[in-house]
$ cat run00.cif   # mmCIF, C-alpha atoms, pLDDT in the B column; chains and numbers go by the auth columns
data_start
loop_
_atom_site.group_PDB
_atom_site.id
_atom_site.type_symbol
_atom_site.label_atom_id
_atom_site.label_comp_id
_atom_site.label_asym_id
_atom_site.label_seq_id
_atom_site.Cartn_x
_atom_site.Cartn_y
_atom_site.Cartn_z
_atom_site.B_iso_or_equiv
_atom_site.auth_seq_id
_atom_site.auth_asym_id
ATOM 1 C CA MET A 1 12.653 22.213 -28.578 42.00 1 J
ATOM 2 C CA SER A 2 9.915 21.985 -31.175 51.00 2 J
ATOM 3 C CA GLY A 3 8.584 18.875 -29.444 88.00 3 J
ATOM 4 C CA LEU A 4 7.393 20.675 -26.300 95.00 4 J
ATOM 5 C CA ARG A 5 3.994 19.259 -25.412 97.00 5 J
ATOM 6 C CA ALA A 6 3.231 20.187 -21.805 98.00 6 J
ATOM 7 C CA VAL A 7 3.890 22.929 -19.267 98.00 7 J
ATOM 8 C CA HIS A 8 3.427 22.207 -15.577 98.00 8 J
ATOM 9 C CA VAL A 9 3.473 24.946 -12.946 98.00 9 J
ATOM 10 C CA VAL A 10 4.465 23.871 -9.416 98.00 10 J
ATOM 11 C CA VAL A 11 3.598 26.083 -6.439 98.00 11 J
ATOM 12 C CA PRO A 12 4.507 25.025 -2.867 97.00 12 J
ATOM 13 C CA ALA A 13 2.219 26.508 -0.218 96.00 13 J
ATOM 14 C CA ARG A 14 2.126 26.334 3.558 94.00 14 J
ATOM 15 C CA ASN A 15 -0.544 28.421 5.303 94.00 15 J
ATOM 16 C CA GLU A 16 -0.798 31.027 2.536 95.00 16 J
ATOM 17 C CA GLU A 17 -4.525 31.826 2.666 97.00 17 J
ATOM 18 C CA GLN A 18 -3.842 35.575 2.576 94.00 18 J
ATOM 19 C CA LEU A 19 -1.827 35.525 -0.637 95.00 19 J
ATOM 20 C CA ILE A 20 -2.427 32.398 -2.691 97.00 20 J
ATOM 21 C CA GLY A 21 -5.625 33.682 -4.300 97.00 21 J
ATOM 22 C CA ARG A 22 -3.836 36.421 -6.211 97.00 22 J
ATOM 23 C CA CYS A 23 -1.043 33.976 -7.090 98.00 23 J
ATOM 24 C CA LEU A 24 -3.528 31.589 -8.705 98.00 24 J
ATOM 25 C CA ASP A 25 -5.363 34.416 -10.478 97.00 25 J
ATOM 26 C CA ALA A 26 -2.098 35.544 -12.077 98.00 26 J
ATOM 27 C CA LEU A 27 -1.164 31.993 -13.061 98.00 27 J
ATOM 28 C CA THR A 28 -4.589 31.495 -14.645 97.00 28 J
ATOM 29 C CA ASP A 29 -4.059 34.651 -16.728 98.00 29 J
ATOM 30 C CA ALA A 30 -0.595 33.444 -17.759 98.00 30 J
ATOM 31 C CA ARG A 31 -2.022 30.051 -18.721 98.00 31 J
ATOM 32 C CA THR A 32 -4.735 31.687 -20.822 97.00 32 J
ATOM 33 C CA ALA A 33 -2.142 33.846 -22.584 98.00 33 J
ATOM 34 C CA VAL A 34 0.182 31.000 -23.534 98.00 34 J
ATOM 35 C CA ARG A 35 -2.724 28.807 -24.645 97.00 35 J
ATOM 36 C CA ALA A 36 -3.910 31.623 -26.918 97.00 36 J
ATOM 37 C CA GLU A 37 -0.551 31.435 -28.692 95.00 37 J
ATOM 38 C CA ARG A 38 -0.211 27.646 -28.537 95.00 38 J
ATOM 39 C CA PRO A 39 -3.677 26.086 -28.242 95.00 39 J
ATOM 40 C CA THR A 40 -2.407 22.496 -28.469 95.00 40 J
ATOM 41 C CA LEU A 41 -0.072 22.896 -25.485 96.00 41 J
ATOM 42 C CA GLU A 42 -1.200 21.228 -22.261 97.00 42 J
ATOM 43 C CA VAL A 43 -0.816 23.610 -19.303 98.00 43 J
ATOM 44 C CA ARG A 44 -1.376 22.399 -15.730 97.00 44 J
ATOM 45 C CA ILE A 45 -1.045 24.121 -12.354 98.00 45 J
ATOM 46 C CA THR A 46 -0.232 22.064 -9.256 98.00 46 J
ATOM 47 C CA VAL A 47 -0.253 23.491 -5.729 98.00 47 J
ATOM 48 C CA VAL A 48 1.610 21.470 -3.122 98.00 48 J
ATOM 49 C CA LEU A 49 -0.242 21.957 0.170 98.00 49 J
ATOM 50 C CA ASP A 50 2.519 21.344 2.681 97.00 50 J
ATOM 51 C CA GLY A 51 1.118 20.830 6.167 96.00 51 J
ATOM 52 C CA CYS A 52 -1.457 23.600 5.759 96.00 52 J
ATOM 53 C CA GLY A 53 -3.625 24.296 8.805 95.00 53 J
ATOM 54 C CA ASP A 54 -5.477 27.368 7.524 97.00 54 J
ATOM 55 C CA GLY A 55 -7.811 28.063 4.611 97.00 55 J
ATOM 56 C CA THR A 56 -5.258 27.629 1.822 98.00 56 J
ATOM 57 C CA ALA A 57 -6.667 24.281 0.679 97.00 57 J
ATOM 58 C CA ALA A 58 -10.203 25.681 0.433 97.00 58 J
ATOM 59 C CA ILE A 59 -9.004 28.530 -1.798 98.00 59 J
ATOM 60 C CA VAL A 60 -7.166 26.071 -4.042 98.00 60 J
ATOM 61 C CA ARG A 61 -10.263 23.869 -4.316 96.00 61 J
ATOM 62 C CA ARG A 62 -12.267 26.843 -5.589 95.00 62 J
ATOM 63 C CA ALA A 63 -9.688 27.744 -8.242 95.00 63 J
ATOM 64 C CA ASP A 64 -10.349 26.789 -11.837 90.00 64 J
ATOM 65 C CA ALA A 65 -8.422 23.762 -13.129 93.00 65 J
ATOM 66 C CA VAL A 66 -5.828 23.691 -10.347 97.00 66 J
ATOM 67 C CA ASP A 67 -4.480 20.369 -9.089 95.00 67 J
ATOM 68 C CA ALA A 68 -3.668 19.945 -5.377 97.00 68 J
ATOM 69 C CA VAL A 69 -1.219 17.621 -3.650 97.00 69 J
ATOM 70 C CA HIS A 70 -1.332 17.239 0.146 97.00 70 J
ATOM 71 C CA VAL A 71 2.001 16.521 1.855 97.00 71 J
ATOM 72 C CA THR A 72 3.712 17.070 5.195 96.00 72 J
ATOM 73 C CA GLU A 73 7.254 17.717 4.006 92.00 73 J
ATOM 74 C CA LEU A 74 7.463 21.006 5.966 90.00 74 J
ATOM 75 C CA THR A 75 10.441 22.201 3.919 92.00 75 J
ATOM 76 C CA PRO A 76 10.405 24.172 0.666 92.00 76 J
ATOM 77 C CA GLY A 77 12.756 21.697 -0.988 96.00 77 J
ATOM 78 C CA GLY A 78 10.658 18.718 0.058 96.00 78 J
ATOM 79 C CA ALA A 79 7.443 20.394 -1.103 96.00 79 J
ATOM 80 C CA ARG A 80 8.910 21.295 -4.489 97.00 80 J
ATOM 81 C CA ALA A 81 10.184 17.729 -4.902 98.00 81 J
ATOM 82 C CA ALA A 82 6.716 16.394 -4.091 98.00 82 J
ATOM 83 C CA GLY A 83 5.281 18.651 -6.767 98.00 83 J
ATOM 84 C CA MET A 84 7.798 17.320 -9.242 98.00 84 J
ATOM 85 C CA ARG A 85 6.791 13.744 -8.467 98.00 85 J
ATOM 86 C CA ARG A 86 3.246 14.757 -9.314 97.00 86 J
ATOM 87 C CA VAL A 87 4.449 16.226 -12.596 98.00 87 J
ATOM 88 C CA ARG A 88 6.193 12.984 -13.494 97.00 88 J
ATOM 89 C CA ASP A 89 3.011 11.036 -12.741 97.00 89 J
ATOM 90 C CA LEU A 90 0.874 13.372 -14.845 96.00 90 J
ATOM 91 C CA ALA A 91 3.382 13.374 -17.707 96.00 91 J
ATOM 92 C CA SER A 92 4.221 9.673 -17.589 96.00 92 J
ATOM 93 C CA ASP A 93 3.416 9.244 -21.293 95.00 93 J
ATOM 94 C CA LEU A 94 5.816 12.007 -22.366 96.00 94 J
ATOM 95 C CA ASP A 95 9.563 12.217 -22.736 95.00 95 J
ATOM 96 C CA GLY A 96 11.145 14.498 -20.134 96.00 96 J
ATOM 97 C CA GLY A 97 12.365 16.815 -22.862 96.00 97 J
ATOM 98 C CA GLN A 98 8.770 17.448 -23.935 97.00 98 J
ATOM 99 C CA VAL A 99 7.753 18.741 -20.497 98.00 99 J
ATOM 100 C CA TRP A 100 8.575 22.210 -19.175 98.00 100 J
ATOM 101 C CA VAL A 101 8.170 22.912 -15.451 98.00 101 J
ATOM 102 C CA ALA A 102 7.671 26.478 -14.221 98.00 102 J
ATOM 103 C CA CYS A 103 8.174 27.163 -10.512 98.00 103 J
ATOM 104 C CA THR A 104 6.880 30.045 -8.440 98.00 104 J
ATOM 105 C CA ASP A 105 5.782 30.695 -4.847 96.00 105 J
ATOM 106 C CA ALA A 106 2.374 31.105 -3.240 96.00 106 J
ATOM 107 C CA ASP A 107 3.215 34.650 -2.092 94.00 107 J
ATOM 108 C CA SER A 108 4.179 35.762 -5.593 96.00 108 J
ATOM 109 C CA VAL A 109 2.446 37.187 -8.677 97.00 109 J
ATOM 110 C CA VAL A 110 3.694 36.268 -12.144 98.00 110 J
ATOM 111 C CA PRO A 111 3.263 38.609 -15.156 98.00 111 J
ATOM 112 C CA VAL A 112 0.801 37.600 -17.846 98.00 112 J
ATOM 113 C CA GLY A 113 3.537 36.724 -20.350 98.00 113 J
ATOM 114 C CA TRP A 114 5.520 34.621 -17.881 98.00 114 J
ATOM 115 C CA LEU A 115 4.654 31.191 -19.255 98.00 115 J
ATOM 116 C CA ALA A 116 4.856 32.309 -22.866 97.00 116 J
ATOM 117 C CA ASP A 117 8.401 33.549 -22.249 97.00 117 J
ATOM 118 C CA GLN A 118 9.381 30.261 -20.636 96.00 118 J
ATOM 119 C CA VAL A 119 7.979 28.311 -23.576 97.00 119 J
ATOM 120 C CA GLN A 120 9.922 30.569 -25.945 95.00 120 J
ATOM 121 C CA CYS A 121 13.105 29.767 -24.028 95.00 121 J
ATOM 122 C CA ALA A 122 12.375 26.057 -24.279 95.00 122 J
ATOM 123 C CA GLU A 123 11.793 26.283 -28.012 94.00 123 J
ATOM 124 C CA GLU A 124 15.166 28.005 -28.364 95.00 124 J
ATOM 125 C CA GLY A 125 16.912 25.038 -26.745 95.00 125 J
ATOM 126 C CA VAL A 126 17.271 26.383 -23.211 97.00 126 J
ATOM 127 C CA VAL A 127 16.679 23.699 -20.566 97.00 127 J
ATOM 128 C CA CYS A 128 16.709 25.988 -17.518 98.00 128 J
ATOM 129 C CA ARG A 129 15.426 29.565 -17.273 98.00 129 J
ATOM 130 C CA VAL A 130 16.477 31.587 -14.206 98.00 130 J
ATOM 131 C CA GLY A 131 14.403 34.737 -13.704 97.00 131 J
ATOM 132 C CA THR A 132 14.349 37.659 -11.303 94.00 132 J
ATOM 133 C CA VAL A 133 11.943 38.982 -8.672 92.00 133 J
ATOM 134 C CA HIS A 134 10.820 42.354 -7.371 87.00 134 J
ATOM 135 C CA PRO A 135 9.800 42.570 -3.703 86.00 135 J
ATOM 136 C CA GLU A 136 6.544 44.470 -3.218 80.00 136 J
ATOM 137 C CA LEU A 137 7.755 47.502 -1.320 71.00 137 J
ATOM 138 C CA GLY A 138 5.544 50.546 -0.820 65.00 138 J
ATOM 139 C CA PRO A 139 6.430 54.251 -1.008 64.00 139 J
ATOM 140 C CA ALA A 140 7.274 54.325 2.701 56.00 140 J
ATOM 141 C CA GLU A 141 9.991 51.725 2.084 70.00 141 J
ATOM 142 C CA ARG A 142 11.868 53.666 -0.578 75.00 142 J
ATOM 143 C CA ARG A 143 15.233 53.240 1.182 76.00 143 J
ATOM 144 C CA LEU A 144 14.840 49.477 1.269 71.00 144 J
ATOM 145 C CA HIS A 145 13.707 49.437 -2.346 72.00 145 J
ATOM 146 C CA LEU A 146 16.760 51.392 -3.467 77.00 146 J
ATOM 147 C CA GLY A 147 18.994 49.159 -1.363 74.00 147 J
ATOM 148 C CA TRP A 148 17.510 46.097 -3.006 72.00 148 J
ATOM 149 C CA LEU A 149 18.026 47.516 -6.498 74.00 149 J
ATOM 150 C CA ALA A 150 21.634 48.410 -5.696 75.00 150 J
ATOM 151 C CA ARG A 151 22.385 44.820 -4.771 77.00 151 J
ATOM 152 C CA HIS A 152 20.433 42.967 -7.443 77.00 152 J
ATOM 153 C CA SER A 153 20.942 42.995 -11.179 76.00 153 J
ATOM 154 C CA HIS A 154 17.860 42.539 -13.334 82.00 154 J
ATOM 155 C CA ALA A 155 19.820 42.379 -16.564 88.00 155 J
ATOM 156 C CA ASP A 156 20.186 39.300 -18.704 94.00 156 J
ATOM 157 C CA GLY A 157 23.044 37.158 -17.423 94.00 157 J
ATOM 158 C CA HIS A 158 22.406 38.045 -13.765 94.00 158 J
ATOM 159 C CA ALA A 159 23.784 35.793 -11.010 92.00 159 J
ATOM 160 C CA HIS A 160 20.611 35.384 -8.910 90.00 160 J
ATOM 161 C CA VAL A 161 18.405 32.320 -8.454 94.00 161 J
ATOM 162 C CA HIS A 162 14.844 32.570 -7.129 93.00 162 J
ATOM 163 C CA GLY A 163 12.428 29.679 -6.740 95.00 163 J
ATOM 164 C CA ALA A 164 9.628 32.182 -7.386 96.00 164 J
ATOM 165 C CA ASN A 165 10.837 32.587 -10.992 97.00 165 J
ATOM 166 C CA LEU A 166 12.442 29.409 -12.240 98.00 166 J
ATOM 167 C CA GLY A 167 11.801 26.971 -15.063 98.00 167 J
ATOM 168 C CA PHE A 168 13.387 23.864 -16.553 98.00 168 J
ATOM 169 C CA THR A 169 12.658 20.769 -18.576 98.00 169 J
ATOM 170 C CA LEU A 170 11.693 17.652 -16.688 98.00 170 J
ATOM 171 C CA ALA A 171 14.628 15.907 -18.355 97.00 171 J
ATOM 172 C CA ALA A 172 17.138 18.483 -17.047 98.00 172 J
ATOM 173 C CA TYR A 173 15.595 18.282 -13.577 98.00 173 J
ATOM 174 C CA GLU A 174 15.958 14.513 -13.467 98.00 174 J
ATOM 175 C CA GLN A 175 19.460 14.545 -14.948 98.00 175 J
ATOM 176 C CA ALA A 176 20.559 16.981 -12.211 98.00 176 J
ATOM 177 C CA GLY A 177 19.058 14.823 -9.435 98.00 177 J
ATOM 178 C CA GLY A 178 16.036 16.944 -8.519 98.00 178 J
ATOM 179 C CA PHE A 179 15.244 19.206 -5.582 98.00 179 J
ATOM 180 C CA ALA A 180 16.922 18.305 -2.310 97.00 180 J
ATOM 181 C CA PRO A 181 14.671 18.461 0.815 94.00 181 J
ATOM 182 C CA LEU A 182 16.370 21.612 2.110 93.00 182 J
ATOM 183 C CA ASP A 183 14.960 24.257 4.464 90.00 183 J
ATOM 184 C CA CYS A 184 16.146 26.922 2.014 89.00 184 J
ATOM 185 C CA GLY A 185 18.424 27.229 -0.999 93.00 185 J
ATOM 186 C CA GLU A 186 16.932 24.254 -2.819 96.00 186 J
ATOM 187 C CA ASP A 187 16.533 26.439 -5.923 96.00 187 J
ATOM 188 C CA VAL A 188 20.172 27.555 -5.901 96.00 188 J
ATOM 189 C CA ASP A 189 21.309 23.986 -5.283 98.00 189 J
ATOM 190 C CA LEU A 190 19.335 22.628 -8.237 98.00 190 J
ATOM 191 C CA VAL A 191 20.514 25.283 -10.683 98.00 191 J
ATOM 192 C CA ARG A 192 24.112 24.724 -9.563 98.00 192 J
ATOM 193 C CA ARG A 193 23.795 21.028 -10.438 98.00 193 J
ATOM 194 C CA ILE A 194 22.109 21.755 -13.775 98.00 194 J
ATOM 195 C CA ARG A 195 24.993 24.062 -14.665 98.00 195 J
ATOM 196 C CA ALA A 196 27.527 21.486 -13.468 98.00 196 J
ATOM 197 C CA ALA A 197 25.983 18.963 -15.851 97.00 197 J
ATOM 198 C CA GLY A 198 26.869 21.302 -18.709 97.00 198 J
ATOM 199 C CA LEU A 199 23.264 21.977 -19.675 97.00 199 J
ATOM 200 C CA PRO A 200 22.198 25.275 -21.320 96.00 200 J
ATOM 201 C CA VAL A 201 20.892 27.759 -18.743 97.00 201 J
ATOM 202 C CA ARG A 202 19.528 31.239 -19.440 98.00 202 J
ATOM 203 C CA SER A 203 19.506 33.924 -16.750 97.00 203 J
ATOM 204 C CA THR A 204 17.032 36.578 -17.830 97.00 204 J
ATOM 205 C CA GLY A 205 15.694 39.835 -16.466 93.00 205 J
ATOM 206 C CA HIS A 206 12.612 39.601 -18.679 92.00 206 J
ATOM 207 C CA ASP A 207 9.230 39.197 -16.962 93.00 207 J
ATOM 208 C CA PRO A 208 10.268 39.563 -13.290 94.00 208 J
ATOM 209 C CA VAL A 209 7.886 38.125 -10.696 96.00 209 J
ATOM 210 C CA ARG A 210 6.435 40.298 -7.916 92.00 210 J
ATOM 211 C CA THR A 211 6.891 38.664 -4.531 89.00 211 J
ATOM 212 C CA SER A 212 5.898 39.449 -0.972 80.00 212 J
ATOM 213 C CA ALA A 213 8.229 41.737 0.973 66.00 213 J
ATOM 214 C CA ARG A 214 7.324 40.269 4.348 60.00 214 J
ATOM 215 C CA ARG A 215 10.126 40.143 6.894 41.00 215 J
ATOM 216 C CA SER A 216 9.110 37.068 8.878 52.00 216 J
ATOM 217 C CA SER A 217 8.935 33.489 7.699 56.00 217 J
ATOM 218 C CA ARG A 218 9.037 29.928 8.959 60.00 218 J
ATOM 219 C CA VAL A 219 12.161 29.398 6.831 58.00 219 J
ATOM 220 C CA ARG A 220 15.386 30.583 8.400 61.00 220 J
ATOM 221 C CA GLY A 221 17.841 32.068 5.935 52.00 221 J
ATOM 222 C CA GLY A 222 15.232 32.546 3.208 58.00 222 J
ATOM 223 C CA PHE A 223 14.042 35.594 1.282 63.00 223 J
ATOM 224 C CA ALA A 224 12.157 37.150 4.214 62.00 224 J
ATOM 225 C CA ASP A 225 15.248 36.904 6.422 61.00 225 J
ATOM 226 C CA TYR A 226 17.324 38.486 3.677 64.00 226 J
ATOM 227 C CA LEU A 227 15.009 41.495 3.439 57.00 227 J
ATOM 228 C CA ALA A 228 14.890 41.873 7.224 58.00 228 J
ATOM 229 C CA THR A 229 18.690 41.839 7.422 67.00 229 J
ATOM 230 C CA LEU A 230 18.992 44.284 4.531 59.00 230 J
ATOM 231 C CA ALA A 231 16.583 46.694 6.249 57.00 231 J
ATOM 232 C CA VAL A 232 18.633 46.580 9.453 58.00 232 J
ATOM 233 C CA ASP A 233 21.930 47.093 7.580 58.00 233 J
ATOM 234 C CA LEU A 234 20.550 50.084 5.701 54.00 234 J
ATOM 235 C CA ALA A 235 19.218 51.644 8.915 60.00 235 J
ATOM 236 C CA ARG A 236 22.604 51.275 10.579 64.00 236 J
ATOM 237 C CA ALA A 237 24.323 52.902 7.604 64.00 237 J
ATOM 238 C CA THR A 238 22.323 56.140 7.972 58.00 238 J
#
$ encode --input "run00.cif" --output "structure tokens"
Amino acid sequence: MSGLRAVHVVVPARNEEQLIGRCLDALTDARTAVRAERPTLEVRITVVLDGCGDGTAAIVRRADAVDAVHVTELTPGGARAAGMRRVRDLASDLDGGQVWVACTDADSVVPVGWLADQVQCAEEGVVCRVGTVHPELGPAERRLHLGWLARHSHADGHAHVHGANLGFTLAAYEQAGGFAPLDCGEDVDLVRRIRAAGLPVRSTGHDPVRTSARRSSRVRGGFADYLATLAVDLARAT
């Protein structure tokens, strides 16, 4: 995809004042790194403020060159879809194949080479890049950490899908029908439809994203619930 002209990062956020600052700092570093390699590439970051009632919006306003969209979707799928509508508006003069969209979460920290790796995938003809995550577990949570590693491959070709480490062309997104307004699993659902359309997808263990290991969340059945259930299962097995 030698015609890639823009990269848009979409970050849904709902009451994430404790964590979004570090998320945006990491994304700024990743943007700087990819622009150093490709200075003509447009790189934008959009945070979707979904029904926030805390200080998240104020932190986003203070961030350098970060766009904000205010919505009341109150679902991760709806918030991600709203962010994608913003991308389409901002990239209205470009073909969908010239626009790469990188998705992460407000409680996550991307590595500095994250965007550069996604751009490399795009230039190699991949239209969807599915990455991995590492929950931030401390030394006192060694059992949970080992349990997580035993159940999750971080090798290339892995079978996992995480909205905190996902990328695709705007064209592939639109061909697959976009994010559904789901309470959880909107990332898995989208990748399933991209694969079903016969489009080239790369599952990679390169550049995993660090994400919060919290055990409570507004989303039932999401990542926090998974970690909480895994912790209970491992405790019972001892």
$ resolve_selection --input "run00.cif" --expression "the PyMOL selection byres ((chain J and resi 186) around 10)" --output "list of chain:residue names"
J:Thr75, J:Pro76, J:Gly77, J:Gly78, J:Arg80, J:Ala81, J:Val161, J:His162, J:Gly163, J:Gly178, J:Phe179, J:Ala180, J:Pro181, J:Leu182, J:Asp183, J:Cys184, J:Gly185, J:Asp187, J:Val188, J:Asp189, J:Leu190, J:Val191, J:Arg192
$ closest_residue --input "run00.cif" --among "J:Ala102, J:Ile194, J:Ala30, J:Ile20" --to "Arg61 (chain J)" --atoms "all atoms listed in the file"
J:Ile20
$ atom_distance --input "run00.cif" --atom1 "CA of Leu4 (chain J)" --atom2 "CA of Val47 (chain J)"
22.1 Å
$ closest_residue --input "run00.cif" --among "J:Ala13, J:Leu74, J:Leu19, J:Val110" --to "Leu49 (chain J)" --atoms "all atoms listed in the file"
J:Ala13
$ resolve_selection --input "run00.cif" --expression "the PyMOL selection byres ((chain J and resi 113) around 12)" --output "list in words"
Ala26, Leu27, Thr28, Asp29, Ala30, Arg31, Thr32, Ala33, Val34, Arg35, Ala36, Glu37, Val109, Val110, Pro111, Val112, Trp114, Leu115, Ala116, Asp117, Gln118, Val119, Gln120, His206, Asp207, Pro208 and Val209 of chain J
$ atom_distance --input "run00.cif" --atom1 "CA of Leu41 (chain J)" --atom2 "CA of Asp156 (chain J)"
26.9 Å
$ closest_residue --input "run00.cif" --among "J:Val126, J:Cys52, J:Ala197, J:Ala91" --to "Thr169 (chain J)" --atoms "only C-alpha atoms"
J:Val126
$ resolve_selection --input "run00.cif" --expression "the PyMOL selection byres ((chain J and resi 155) around 10)" --output "ChimeraX atom specification"
/J:131-132,152-154,156-159,203-206
$ residues_around --input "run00.cif" --residues "His134 (chain J)" --least-positions-apart "4" --cutoff "9 Å" --atoms "only C-alpha atoms" --output "PyMOL selection string"
chain J and resi 148-149+208-213
$ atom_distance --input "run00.cif" --atom1 "CA of Thr104 (chain J)" --atom2 "CA of Val133 (chain J)"
10.3 Å
$ residues_around --input "run00.cif" --residues "Asp95 (chain J)" --least-positions-apart "3" --cutoff "9 Å" --atoms "only C-alpha atoms" --output "ChimeraX atom specification"
/J:91-92,98-99,170-171
$ residues_near_point --input "run00.cif" --point "(8.1, 14.3, -18.0)" --cutoff "12 Å" --atoms "only C-alpha atoms" --output "CSV table (one decimal) with C-alpha atoms, keeping the file's coordinate frame"
chain,number,residue,atom,x,y,z
J,4,LEU,CA,7.4,20.7,-26.3
J,5,ARG,CA,4.0,19.3,-25.4
J,6,ALA,CA,3.2,20.2,-21.8
J,7,VAL,CA,3.9,22.9,-19.3
J,8,HIS,CA,3.4,22.2,-15.6
J,84,MET,CA,7.8,17.3,-9.2
J,85,ARG,CA,6.8,13.7,-8.5
J,86,ARG,CA,3.2,14.8,-9.3
J,87,VAL,CA,4.4,16.2,-12.6
J,88,ARG,CA,6.2,13.0,-13.5
J,89,ASP,CA,3.0,11.0,-12.7
J,90,LEU,CA,0.9,13.4,-14.8
J,91,ALA,CA,3.4,13.4,-17.7
J,92,SER,CA,4.2,9.7,-17.6
J,93,ASP,CA,3.4,9.2,-21.3
J,94,LEU,CA,5.8,12.0,-22.4
J,95,ASP,CA,9.6,12.2,-22.7
J,96,GLY,CA,11.1,14.5,-20.1
J,97,GLY,CA,12.4,16.8,-22.9
J,98,GLN,CA,8.8,17.4,-23.9
J,99,VAL,CA,7.8,18.7,-20.5
J,100,TRP,CA,8.6,22.2,-19.2
J,101,VAL,CA,8.2,22.9,-15.5
J,168,PHE,CA,13.4,23.9,-16.6
J,169,THR,CA,12.7,20.8,-18.6
J,170,LEU,CA,11.7,17.7,-16.7
J,171,ALA,CA,14.6,15.9,-18.4
J,172,ALA,CA,17.1,18.5,-17.0
J,173,TYR,CA,15.6,18.3,-13.6
J,174,GLU,CA,16.0,14.5,-13.5
J,175,GLN,CA,19.5,14.5,-14.9
